[in-house]
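Undergrad: File structure.txt below, compact mmCIF, C-alpha atoms:
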```txt
# COMPACT_ATOMS: atom_id res chain seq x y z
CA MET A 15 71.66 65.52 99.55
CA ALA A 16 69.35 63.11 97.78
CA SER A 17 68.66 63.80 94.13
CA GLY A 18 65.02 64.69 93.72
CA SER A 19 65.09 66.86 96.83
CA LEU A 20 64.01 70.49 96.83
CA LEU A 21 67.57 71.64 97.24
CA GLN A 22 68.68 69.52 94.30
CA ALA A 23 65.83 70.99 92.25
CA LEU A 24 67.15 74.48 93.01
CA VAL A 25 70.72 73.42 92.14
CA ASP A 26 69.42 72.06 88.82
CA GLU A 27 67.54 75.24 88.00
CA LEU A 28 70.52 77.43 88.89
CA GLY A 29 72.79 75.20 86.79
CA ARG A 30 70.71 76.06 83.72
CA LEU A 31 71.72 79.74 83.94
CA PRO A 32 74.52 80.91 81.65
CA GLY A 33 77.99 80.78 83.19
CA ILE A 34 76.82 78.80 86.25
CA GLY A 35 78.42 75.36 86.51
CA PRO A 36 77.33 72.59 88.90
CA LYS A 37 79.72 73.74 91.66
CA SER A 38 78.60 77.37 91.49
CA ALA A 39 74.97 76.25 91.39
CA GLN A 40 75.47 74.25 94.57
CA ARG A 41 77.29 77.13 96.24
CA ILE A 42 74.50 79.57 95.37
CA ALA A 43 71.79 77.13 96.48
CA PHE A 44 73.40 76.71 99.91
CA HIS A 45 73.91 80.47 100.10
CA LEU A 46 70.19 81.00 99.47
CA LEU A 47 69.42 78.42 102.12
CA LYS A 48 71.37 80.46 104.63
CA VAL A 49 70.30 84.04 103.84
CA ALA A 50 67.28 85.71 105.43
CA ASP A 51 63.92 84.64 104.00
CA GLU A 52 63.16 88.12 102.71
CA ASP A 53 66.45 88.28 100.76
CA ALA A 54 65.69 85.04 98.93
CA ARG A 55 62.10 86.12 98.44
CA ARG A 56 63.27 89.38 96.87
CA LEU A 57 65.30 87.46 94.29
CA ALA A 58 62.37 85.14 93.48
CA ASP A 59 60.03 88.13 93.18
CA ALA A 60 62.48 90.03 90.98
CA ILE A 61 62.54 87.07 88.56
CA VAL A 62 58.76 86.87 88.42
CA ASP A 63 58.39 90.66 88.06
CA VAL A 64 60.80 90.79 85.15
CA LYS A 65 59.00 87.96 83.37
CA GLU A 66 55.58 89.44 83.97
CA ARG A 67 56.19 93.12 83.39
CA VAL A 68 59.27 93.67 81.24
CA THR A 69 58.61 93.64 77.49
CA LEU A 70 60.24 95.13 74.42
CA CYS A 71 59.74 98.75 73.43
CA SER A 72 57.40 98.84 70.42
CA ARG A 73 59.56 101.48 68.77
CA CYS A 74 63.22 100.59 69.39
CA PHE A 75 62.94 97.04 70.81
CA ASN A 76 64.97 97.90 73.88
CA VAL A 77 63.63 96.43 77.14
CA ALA A 78 60.67 98.39 78.45
CA GLU A 79 58.14 98.25 81.25
CA GLY A 80 55.37 99.76 79.15
CA GLU A 81 54.58 100.44 75.52
CA LEU A 82 57.76 102.54 75.12
CA CYS A 83 61.12 102.25 76.85
CA ASP A 84 62.49 104.99 79.10
CA ILE A 85 64.62 106.38 76.30
CA CYS A 86 61.92 106.47 73.63
CA SER A 87 59.48 108.10 76.02
CA ASP A 88 62.03 110.74 77.09
CA THR A 89 61.17 113.79 74.98
CA ARG A 90 64.53 115.43 75.73
CA ARG A 91 66.37 112.76 73.67
CA ASP A 92 67.36 113.72 70.15
CA GLY A 93 65.27 111.64 67.75
CA SER A 94 67.35 112.53 64.70
CA VAL A 95 70.30 110.30 65.66
CA LEU A 96 69.89 106.53 66.07
CA CYS A 97 72.43 104.14 67.53
CA VAL A 98 71.84 100.70 66.01
CA VAL A 99 72.91 97.93 68.42
CA GLU A 100 72.65 94.14 68.52
CA ASP A 101 71.32 93.69 72.03
CA PRO A 102 69.58 95.61 74.84
CA ARG A 103 72.75 95.11 76.90
CA ASP A 104 74.57 97.28 74.37
CA VAL A 105 72.08 100.06 75.06
CA ALA A 106 72.97 99.81 78.75
CA ALA A 107 76.70 99.95 77.90
CA LEU A 108 76.31 103.01 75.67
CA GLU A 109 74.08 104.77 78.20
CA LYS A 110 76.81 104.36 80.80
CA THR A 111 79.15 106.51 78.71
CA GLN A 112 76.69 109.44 79.09
CA GLU A 113 78.00 110.61 75.71
CA PHE A 114 74.96 109.89 73.58
CA ARG A 115 71.73 111.86 73.71
CA GLY A 116 70.00 110.33 70.70
CA ARG A 117 67.82 107.22 70.53
CA TYR A 118 68.48 103.54 69.86
CA HIS A 119 67.37 100.72 67.64
CA VAL A 120 67.97 97.16 68.86
CA LEU A 121 68.37 94.55 66.10
CA HIS A 122 68.27 91.55 68.48
CA GLY A 123 71.18 89.78 66.87
CA ALA A 124 73.62 90.12 64.00
CA LEU A 125 73.68 88.59 60.53
CA ASN A 126 74.92 85.02 60.72
CA PRO A 127 74.13 83.00 57.59
CA ILE A 128 75.57 79.80 59.07
CA GLU A 129 73.06 79.92 61.93
CA GLY A 130 70.29 81.03 59.62
CA VAL A 131 70.09 84.63 60.85
CA GLY A 132 69.33 86.87 57.88
CA PRO A 133 67.90 90.43 57.73
CA ASP A 134 64.39 89.05 58.22
CA GLN A 135 65.33 87.61 61.62
CA LEU A 136 66.57 91.04 62.77
CA ARG A 137 64.59 94.24 63.30
CA VAL A 138 65.79 95.71 59.99
CA ARG A 139 62.37 96.42 58.46
CA GLU A 140 61.38 98.29 61.61
CA LEU A 141 64.59 100.34 61.38
CA LEU A 142 63.80 101.38 57.82
CA SER A 143 60.31 102.51 58.70
CA ARG A 144 61.67 104.58 61.59
CA LEU A 145 63.98 106.55 59.29
CA ASP A 146 61.00 108.19 57.58
CA ASP A 147 58.64 108.35 60.52
CA GLU A 148 61.05 110.00 62.93
CA GLY A 149 63.11 112.21 60.63
CA VAL A 150 66.37 110.42 61.36
CA THR A 151 69.40 112.17 59.85
CA GLU A 152 72.22 109.99 61.20
CA VAL A 153 72.47 106.28 61.95
CA ILE A 154 75.45 105.21 64.06
CA LEU A 155 76.18 101.52 63.52
CA CYS A 156 77.17 100.15 66.92
CA THR A 157 77.20 96.42 66.18
CA ASN A 158 80.04 94.44 67.71
CA PRO A 159 83.49 94.71 66.09
CA ASN A 160 83.53 91.00 65.20
CA LEU A 161 82.76 89.07 62.02
CA GLU A 162 78.97 89.04 62.39
CA GLY A 163 78.79 92.59 63.70
CA GLU A 164 80.96 93.96 60.88
CA ALA A 165 78.92 92.09 58.27
CA THR A 166 75.73 93.51 59.75
CA ALA A 167 77.17 97.04 59.76
CA MET A 168 78.28 96.66 56.14
CA TYR A 169 74.87 95.35 55.13
CA LEU A 170 73.03 98.18 56.87
CA ALA A 171 75.39 100.83 55.49
CA ARG A 172 74.68 99.66 51.93
CA LEU A 173 70.96 99.62 52.68
CA LEU A 174 70.75 103.01 54.37
CA LYS A 175 73.19 105.21 52.44
CA PRO A 176 71.11 105.33 49.24
CA LEU A 177 68.24 106.64 51.36
CA GLY A 178 70.21 109.82 52.04
CA THR A 179 70.87 109.16 55.73
CA ARG A 180 74.30 109.83 57.19
CA VAL A 181 75.70 106.45 58.26
CA THR A 182 78.61 106.25 60.69
CA ARG A 183 80.37 103.43 62.53
CA LEU A 184 81.90 103.34 66.01
CA ALA A 185 85.66 103.94 65.89
CA SER A 186 87.96 100.94 66.14
CA GLY A 187 91.30 101.35 67.86
CA LEU A 188 93.25 100.78 71.03
CA PRO A 189 91.15 100.42 74.19
CA VAL A 190 91.80 103.22 76.68
CA GLY A 191 94.22 101.99 79.33
CA GLY A 192 95.36 99.24 76.97
CA ASP A 193 98.92 98.36 76.06
CA LEU A 194 100.20 98.77 72.49
CA GLU A 195 102.42 95.73 72.92
CA TYR A 196 99.46 93.46 73.61
CA ALA A 197 97.11 94.82 70.93
CA ASP A 198 96.38 92.35 68.12
CA GLU A 199 97.52 93.38 64.66
CA LEU A 200 93.98 93.92 63.37
CA THR A 201 93.16 96.37 66.14
CA LEU A 202 96.50 98.11 65.76
CA GLY A 203 95.97 98.33 61.99
CA ARG A 204 92.56 99.90 62.54
CA ALA A 205 94.04 102.32 65.05
CA LEU A 206 96.64 103.40 62.50
CA GLU A 207 94.04 103.72 59.77
CA GLY A 208 91.79 105.82 62.00
CA ARG A 209 94.55 108.09 63.35
CA ARG A 210 93.56 111.68 64.08
CA GLU A 211 95.27 115.07 64.10
CA VAL A 212 96.45 116.06 67.52
CA ASP A 213 95.15 119.43 68.61
CA ALA A 214 98.06 121.31 70.11
CA MET B 4 68.35 100.39 81.14
CA ALA B 5 67.40 102.95 83.74
CA SER B 6 68.51 102.20 87.26
CA GLY B 7 65.46 101.60 89.40
CA SER B 8 63.86 99.50 86.70
CA LEU B 9 62.62 95.98 87.30
CA LEU B 10 65.45 94.54 85.24
CA GLN B 11 67.99 96.52 87.23
CA ALA B 12 66.38 95.25 90.44
CA LEU B 13 66.90 91.68 89.22
CA VAL B 14 70.51 92.43 88.24
CA ASP B 15 71.09 93.84 91.74
CA GLU B 16 69.59 90.78 93.44
CA LEU B 17 71.60 88.38 91.27
CA GLY B 18 74.75 90.38 91.96
CA ARG B 19 74.36 89.63 95.68
CA LEU B 20 74.85 85.90 95.06
CA PRO B 21 78.31 84.45 95.75
CA GLY B 22 80.58 84.36 92.72
CA ILE B 23 78.26 86.48 90.57
CA GLY B 24 79.79 89.79 89.50
CA PRO B 25 77.90 92.69 87.88
CA LYS B 26 78.58 91.43 84.34
CA SER B 27 77.40 87.88 85.10
CA ALA B 28 74.35 89.27 86.90
CA GLN B 29 73.41 91.29 83.84
CA ARG B 30 73.98 88.32 81.55
CA ILE B 31 71.78 86.08 83.70
CA ALA B 32 69.05 88.74 83.98
CA PHE B 33 68.86 89.10 80.20
CA HIS B 34 68.90 85.34 79.87
CA LEU B 35 65.92 85.07 82.23
CA LEU B 36 64.16 87.77 80.23
CA LYS B 37 64.49 85.61 77.12
CA VAL B 38 63.66 82.12 78.40
CA ALA B 39 60.15 80.72 78.49
CA ASP B 40 57.98 82.02 81.34
CA GLU B 41 57.68 78.59 82.93
CA ASP B 42 61.47 78.13 83.05
CA ALA B 43 61.95 81.39 84.94
CA ARG B 44 58.96 80.58 87.12
CA ARG B 45 60.47 77.20 88.01
CA LEU B 46 63.64 78.90 89.25
CA ALA B 47 61.66 81.43 91.31
CA ASP B 48 59.52 78.63 92.78
CA ALA B 49 62.58 76.50 93.56
CA ILE B 50 64.03 79.38 95.59
CA VAL B 51 60.81 79.88 97.54
CA ASP B 52 60.36 76.13 98.10
CA VAL B 53 63.85 75.75 99.51
CA LYS B 54 63.37 78.68 101.87
CA GLU B 55 59.97 77.47 103.04
CA ARG B 56 60.51 73.75 103.32
CA VAL B 57 64.21 72.92 103.72
CA THR B 58 65.42 72.91 107.31
CA LEU B 59 68.22 71.24 109.27
CA CYS B 60 67.98 67.64 110.42
CA SER B 61 67.37 67.65 114.17
CA ARG B 62 69.87 64.83 114.64
CA CYS B 63 72.83 65.44 112.30
CA PHE B 64 72.16 69.05 111.13
CA ASN B 65 72.39 68.10 107.49
CA VAL B 66 69.78 69.74 105.25
CA ALA B 67 66.41 68.04 105.57
CA GLU B 68 62.86 68.44 104.33
CA GLY B 69 61.33 67.09 107.53
CA GLU B 70 62.35 66.40 111.12
CA LEU B 71 65.14 64.05 109.99
CA CYS B 72 67.26 64.13 106.83
CA ASP B 73 67.17 61.33 104.25
CA ILE B 74 70.28 59.71 105.70
CA CYS B 75 69.20 59.77 109.35
CA SER B 76 65.78 58.37 108.45
CA ASP B 77 67.29 55.58 106.33
CA THR B 78 67.34 52.56 108.66
CA ARG B 79 69.80 50.71 106.41
CA ARG B 80 72.58 53.17 107.28
CA ASP B 81 75.07 52.06 109.90
CA GLY B 82 74.56 54.26 112.96
CA SER B 83 77.77 53.15 114.66
CA VAL B 84 80.06 55.16 112.35
CA LEU B 85 79.81 58.95 112.13
CA CYS B 86 81.50 61.18 109.57
CA VAL B 87 81.97 64.62 111.12
CA VAL B 88 81.97 67.35 108.44
CA GLU B 89 81.98 71.13 108.43
CA ASP B 90 79.18 71.77 105.97
CA PRO B 91 76.15 70.05 104.39
CA ARG B 92 77.95 70.34 101.04
CA ASP B 93 80.61 67.99 102.42
CA VAL B 94 77.88 65.41 103.07
CA ALA B 95 76.91 65.67 99.40
CA ALA B 96 80.55 65.24 98.34
CA LEU B 97 81.06 62.16 100.54
CA GLU B 98 77.75 60.64 99.44
CA LYS B 99 78.92 60.87 95.84
CA THR B 100 81.81 58.50 96.58
CA GLN B 101 79.25 55.79 97.50
CA GLU B 102 81.94 54.45 99.84
CA PHE B 103 80.35 55.38 103.15
CA ARG B 104 77.32 53.65 104.63
CA GLY B 105 77.36 55.26 108.07
CA ARG B 106 75.78 58.53 109.21
CA TYR B 107 76.96 62.13 109.42
CA HIS B 108 77.29 64.98 111.85
CA VAL B 109 77.48 68.50 110.42
CA LEU B 110 79.36 71.00 112.60
CA HIS B 111 78.37 74.05 110.51
CA GLY B 112 81.82 75.56 110.50
CA ALA B 113 85.31 75.00 111.85
CA LEU B 114 87.14 76.43 114.81
CA ASN B 115 88.40 79.90 114.00
CA PRO B 116 89.36 81.91 117.10
CA ILE B 117 90.16 85.03 115.05
CA GLU B 118 86.60 85.17 113.75
CA GLY B 119 85.19 84.20 117.13
CA VAL B 120 84.16 80.66 116.21
CA GLY B 121 84.74 78.41 119.22
CA PRO B 122 83.30 74.98 120.08
CA ASP B 123 80.09 76.64 121.33
CA GLN B 124 79.39 78.06 117.87
CA LEU B 125 79.68 74.57 116.34
CA ARG B 126 77.44 71.55 116.89
CA VAL B 127 79.97 69.93 119.23
CA ARG B 128 77.67 69.45 122.23
CA GLU B 129 75.15 67.72 119.98
CA LEU B 130 77.90 65.43 118.68
CA LEU B 131 78.85 64.40 122.20
CA SER B 132 75.28 63.54 123.14
CA ARG B 133 74.93 61.44 119.99
CA LEU B 134 77.90 59.25 120.92
CA ASP B 135 76.02 57.81 123.89
CA ASP B 136 72.51 57.88 122.47
CA GLU B 137 73.30 56.12 119.22
CA GLY B 138 76.06 53.70 120.29
CA VAL B 139 78.69 55.27 118.03
CA THR B 140 81.93 53.26 117.92
CA GLU B 141 83.90 55.24 115.34
CA VAL B 142 84.06 58.93 114.48
CA ILE B 143 85.73 59.80 111.17
CA LEU B 144 86.91 63.41 111.23
CA CYS B 145 86.24 64.77 107.75
CA THR B 146 86.90 68.46 108.32
CA ASN B 147 88.80 70.26 105.55
CA PRO B 148 92.59 69.70 105.34
CA ASN B 149 93.33 73.37 106.02
CA LEU B 150 94.33 75.31 109.14
CA GLU B 151 90.84 75.62 110.65
CA GLY B 152 89.78 72.11 109.67
CA GLU B 153 92.93 70.55 111.09
CA ALA B 154 92.55 72.51 114.34
CA THR B 155 88.94 71.36 114.60
CA ALA B 156 89.91 67.73 113.96
CA MET B 157 92.66 67.96 116.60
CA TYR B 158 90.26 69.51 119.12
CA LEU B 159 87.60 66.85 118.51
CA ALA B 160 90.14 64.01 118.64
CA ARG B 161 91.30 65.17 122.08
CA LEU B 162 87.72 65.51 123.22
CA LEU B 163 86.45 62.17 121.89
CA LYS B 164 89.35 59.77 122.45
CA PRO B 165 89.06 59.73 126.28
CA LEU B 166 85.41 58.68 125.83
CA GLY B 167 86.58 55.39 124.34
CA THR B 168 85.43 56.07 120.78
CA ARG B 169 87.66 55.16 117.86
CA VAL B 170 88.65 58.44 116.19
CA THR B 171 90.03 58.47 112.64
CA ARG B 172 90.90 61.17 110.12
CA LEU B 173 90.58 61.22 106.33
CA ALA B 174 93.88 60.34 104.65
CA SER B 175 96.00 63.17 103.28
CA GLY B 176 98.07 62.56 100.18
CA LEU B 177 98.28 63.05 96.46
CA PRO B 178 94.98 63.60 94.69
CA VAL B 179 94.15 60.82 92.25
CA GLY B 180 95.09 61.90 88.73
CA GLY B 181 97.41 64.54 90.18
CA ASP B 182 101.01 65.13 89.26
CA LEU B 183 103.82 64.57 91.77
CA GLU B 184 105.78 67.44 90.27
CA TYR B 185 103.03 69.95 91.04
CA ALA B 186 102.16 68.71 94.54
CA ASP B 187 103.03 71.19 97.29
CA GLU B 188 105.62 70.05 99.81
CA LEU B 189 103.12 69.72 102.66
CA THR B 190 100.89 67.36 100.67
CA LEU B 191 103.88 65.40 99.44
CA GLY B 192 105.22 65.16 103.00
CA ARG B 193 101.84 63.85 104.19
CA ALA B 194 101.76 61.35 101.32
CA LEU B 195 105.19 60.04 102.35
CA GLU B 196 104.22 59.88 106.01
CA GLY B 197 101.04 57.96 105.17
CA ARG B 198 102.66 55.54 102.71
CA ARG B 199 101.19 52.06 102.61
CA GLU B 200 102.41 48.55 101.85
CA VAL B 201 101.73 47.53 98.29
CA ASP B 202 99.81 44.27 98.06
CA ALA B 203 101.53 42.25 95.36
```
Would you mind giving the structure from this file in structure tokens?

TA:
Amino acid sequence: MASGSLLQALVDELGRLPGIGPKSAQRIAFHLLKVADEDARRLADAIVDVKERVTLCSRCFNVAEGELCDICSDTRRDGSVLCVVEDPRDVAALEKTQEFRGRYHVLHGALNPIEGVGPDQLRVRELLSRLDDEGVTEVILCTNPNLEGEATAMYLARLLKPLGTRVTRLASGLPVGGDLEYADELTLGRALEGRREVDA
Amino acid sequence: MASGSLLQALVDELGRLPGIGPKSAQRIAFHLLKVADEDARRLADAIVDVKERVTLCSRCFNVAEGELCDICSDTRRDGSVLCVVEDPRDVAALEKTQEFRGRYHVLHGALNPIEGVGPDQLRVRELLSRLDDEGVTEVILCTNPNLEGEATAMYLARLLKPLGTRVTRLASGLPVGGDLEYADELTLGRALEGRREVDA
């Protein structure tokens, strides 16, 4: 396979995707070479469609195919509770639980002073203006349970509490199906701290 | 992210690729959503280009962008030595060594009676006709050193030797940079069997 060939161009483009190394890129390129034309075409079209027609919701900054995302335009959702997340993928993860009927607010990142991400780089101002506009009574901070996510949650809690909104945080603890023996001490400590009465 | 959305369609298409699970597919889809339009477009175009313009070389069945592949149309290559490989990817791997100046013949598979792959499903007939047409004096069997590859090499050796062609096989032995301790007994046995005089 000569470099500069069409196949090599495809391998190069695939190799730019996250988590795809040169070997995987080659494997995928040869796979695409073998599959039916319409299957490959469907993938190419799906890429173009997403780039051309998927934008961010003007209200919650989740992915959307119009002015508002599916969740913001669904009038059955409870607008008084907001889940604040870092990324649209987190919206997808929370939606899968089918436990939450409120709305979302996507920050598009977490505070990270070292990389120059402060509150102005996140959708914090937009969150504040939603609290008034939409009559939000509870904000659930669903940032990741890591350093940046915790710092962001802490920052938002201090910002939002004085405004009279109820501010909660996702529970930390043992993952369901996990093994106590293999839990790290921080997680186990949080699980102890957050222990609950058993209803019996 | 509602199922049925454009983004979900892209995740589904990406998830069909080999080695891409649902999580990776989602990660790549969100990555494509974020990158510049022209970067995503380049990937989509590369896929379409490969499907529309890459075919198989009519002589050696390597990938080609015209009637003949780059190697078959290169008159400086030695047509008297043929490397027989299972897959076009193997051509790419051998080319990277820069050790081989002959030509190739791609079988597109290996014998596998259980899955119904016999000599008729491989490009064996085409290989035989090339021996005469192109004055081939040596065939190097470069099928994979596994069960199917070895069976294919054995089959071809028995077929080609009576025709007066020199038939050789890639050496088996310890991989360079490998560790004797971790070599499996079959490989180590082959390495012993194929031991060579040390020039000193």

Undergrad: Could you give me, as a list of chain:residue names, the residues that have an atom at most 10 Å away from the point (88.2, 77.4, 116.0) in the coordinates of the file, using only C-alpha atoms?

TA: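 Returned residue set, sorted by chain then number, is B:Gly112, B:Ala113, B:Leu114, B:Asn115, B:Pro116, B:Ile117, B:Glu118, B:Gly119, B:Val120, B:Gly121, B:Pro122, B:Asp123, B:Gln124, B:Leu125, B:Leu150, B:Glu151, B:Gly152, B:Glu153, B:Ala154, B:Thr155, B:Tyr158.
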
Undergrad: Find the residues in chain B near chain A: any atom within 6 Å counts, using all atoms listed in the file. Write them as a PyMOL selection string.

TA: chain B and resi 4+9-10+13+16+46-47+49+53+95

Undergrad: Could you state the separation of CA of Gly82 (chain B) and CA of Gly105 (chain B) in Å, given to one decimal place?

TA: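 Computing it gives 5.7 Å between the two atoms.
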
Undergrad: When you draw a straight line from CA of Thr151 (chain A) to CA of Cys97 (chain A), how long is it in Å?

TA: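 Interatomic distance, CA of Thr151 (chain A) to CA of Cys97 (chain A): 11.5 Å.
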
Undergrad: Hey, what's within 12 Å of Arg62 (chain B) if we count only C-alpha atoms and toss same-chain stuff fewer than 5 positions away? As number ranges by chain, please?

TA: B: 67, 69-76, 82, 85, 106-110, 126, 128-134, 136-137

Undergrad: So the first atom is CA of Ala167 (chain A) and the second is CA of Val98 (chain A); what is the distance between them in Å, to one decimal place?

TA: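 Straight-line distance from CA of Ala167 (chain A) to CA of Val98 (chain A) works out to 9.0 Å.
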
Undergrad: When you look at region 167-183 of chain B with a cut-off of 7 Å (counting only C-alpha atoms), what residues show up, excluding the ones that are within fewer than 4 positions of it in the same chain? I need them as a list in words.

TA: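 So, after excluding close chain neighbours, the residues are Thr140, Glu141, Val142, Ile143, Leu144, Cys145, Ala160, Leu163, Thr190, Leu191, Arg193 and Ala194 of chain B.
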
Undergrad: Write the selection just made, keeping C-alpha atoms, as an mmCIF file, in the frame of the given file?

TA:
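Saved as again-v2.cif:
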```
data_model
loop_
_atom_site.group_PDB
_atom_site.id
_atom_site.type_symbol
_atom_site.label_atom_id
_atom_site.label_comp_id
_atom_site.auth_asym_id
_atom_site.auth_seq_id
_atom_site.Cartn_x
_atom_site.Cartn_y
_atom_site.Cartn_z
ATOM 1 C CA THR B 140 81.930 53.260 117.920
ATOM 2 C CA GLU B 141 83.900 55.240 115.340
ATOM 3 C CA VAL B 142 84.060 58.930 114.480
ATOM 4 C CA ILE B 143 85.730 59.800 111.170
ATOM 5 C CA LEU B 144 86.910 63.410 111.230
ATOM 6 C CA CYS B 145 86.240 64.770 107.750
ATOM 7 C CA ALA B 160 90.140 64.010 118.640
ATOM 8 C CA LEU B 163 86.450 62.170 121.890
ATOM 9 C CA THR B 190 100.890 67.360 100.670
ATOM 10 C CA LEU B 191 103.880 65.400 99.440
ATOM 11 C CA ARG B 193 101.840 63.850 104.190
ATOM 12 C CA ALA B 194 101.760 61.350 101.320
#
```

Undergrad: Using all atoms listed in the file, pick whichever of A:Glu207, A:Cys74, A:Lys37, A:Asp88 has the shortest atom-to-atom distance to Val138 (chain A).

TA: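 Between A:Glu207, A:Cys74, A:Lys37, A:Asp88, the residue approaching Val138 (chain A) most closely is A:Cys74.
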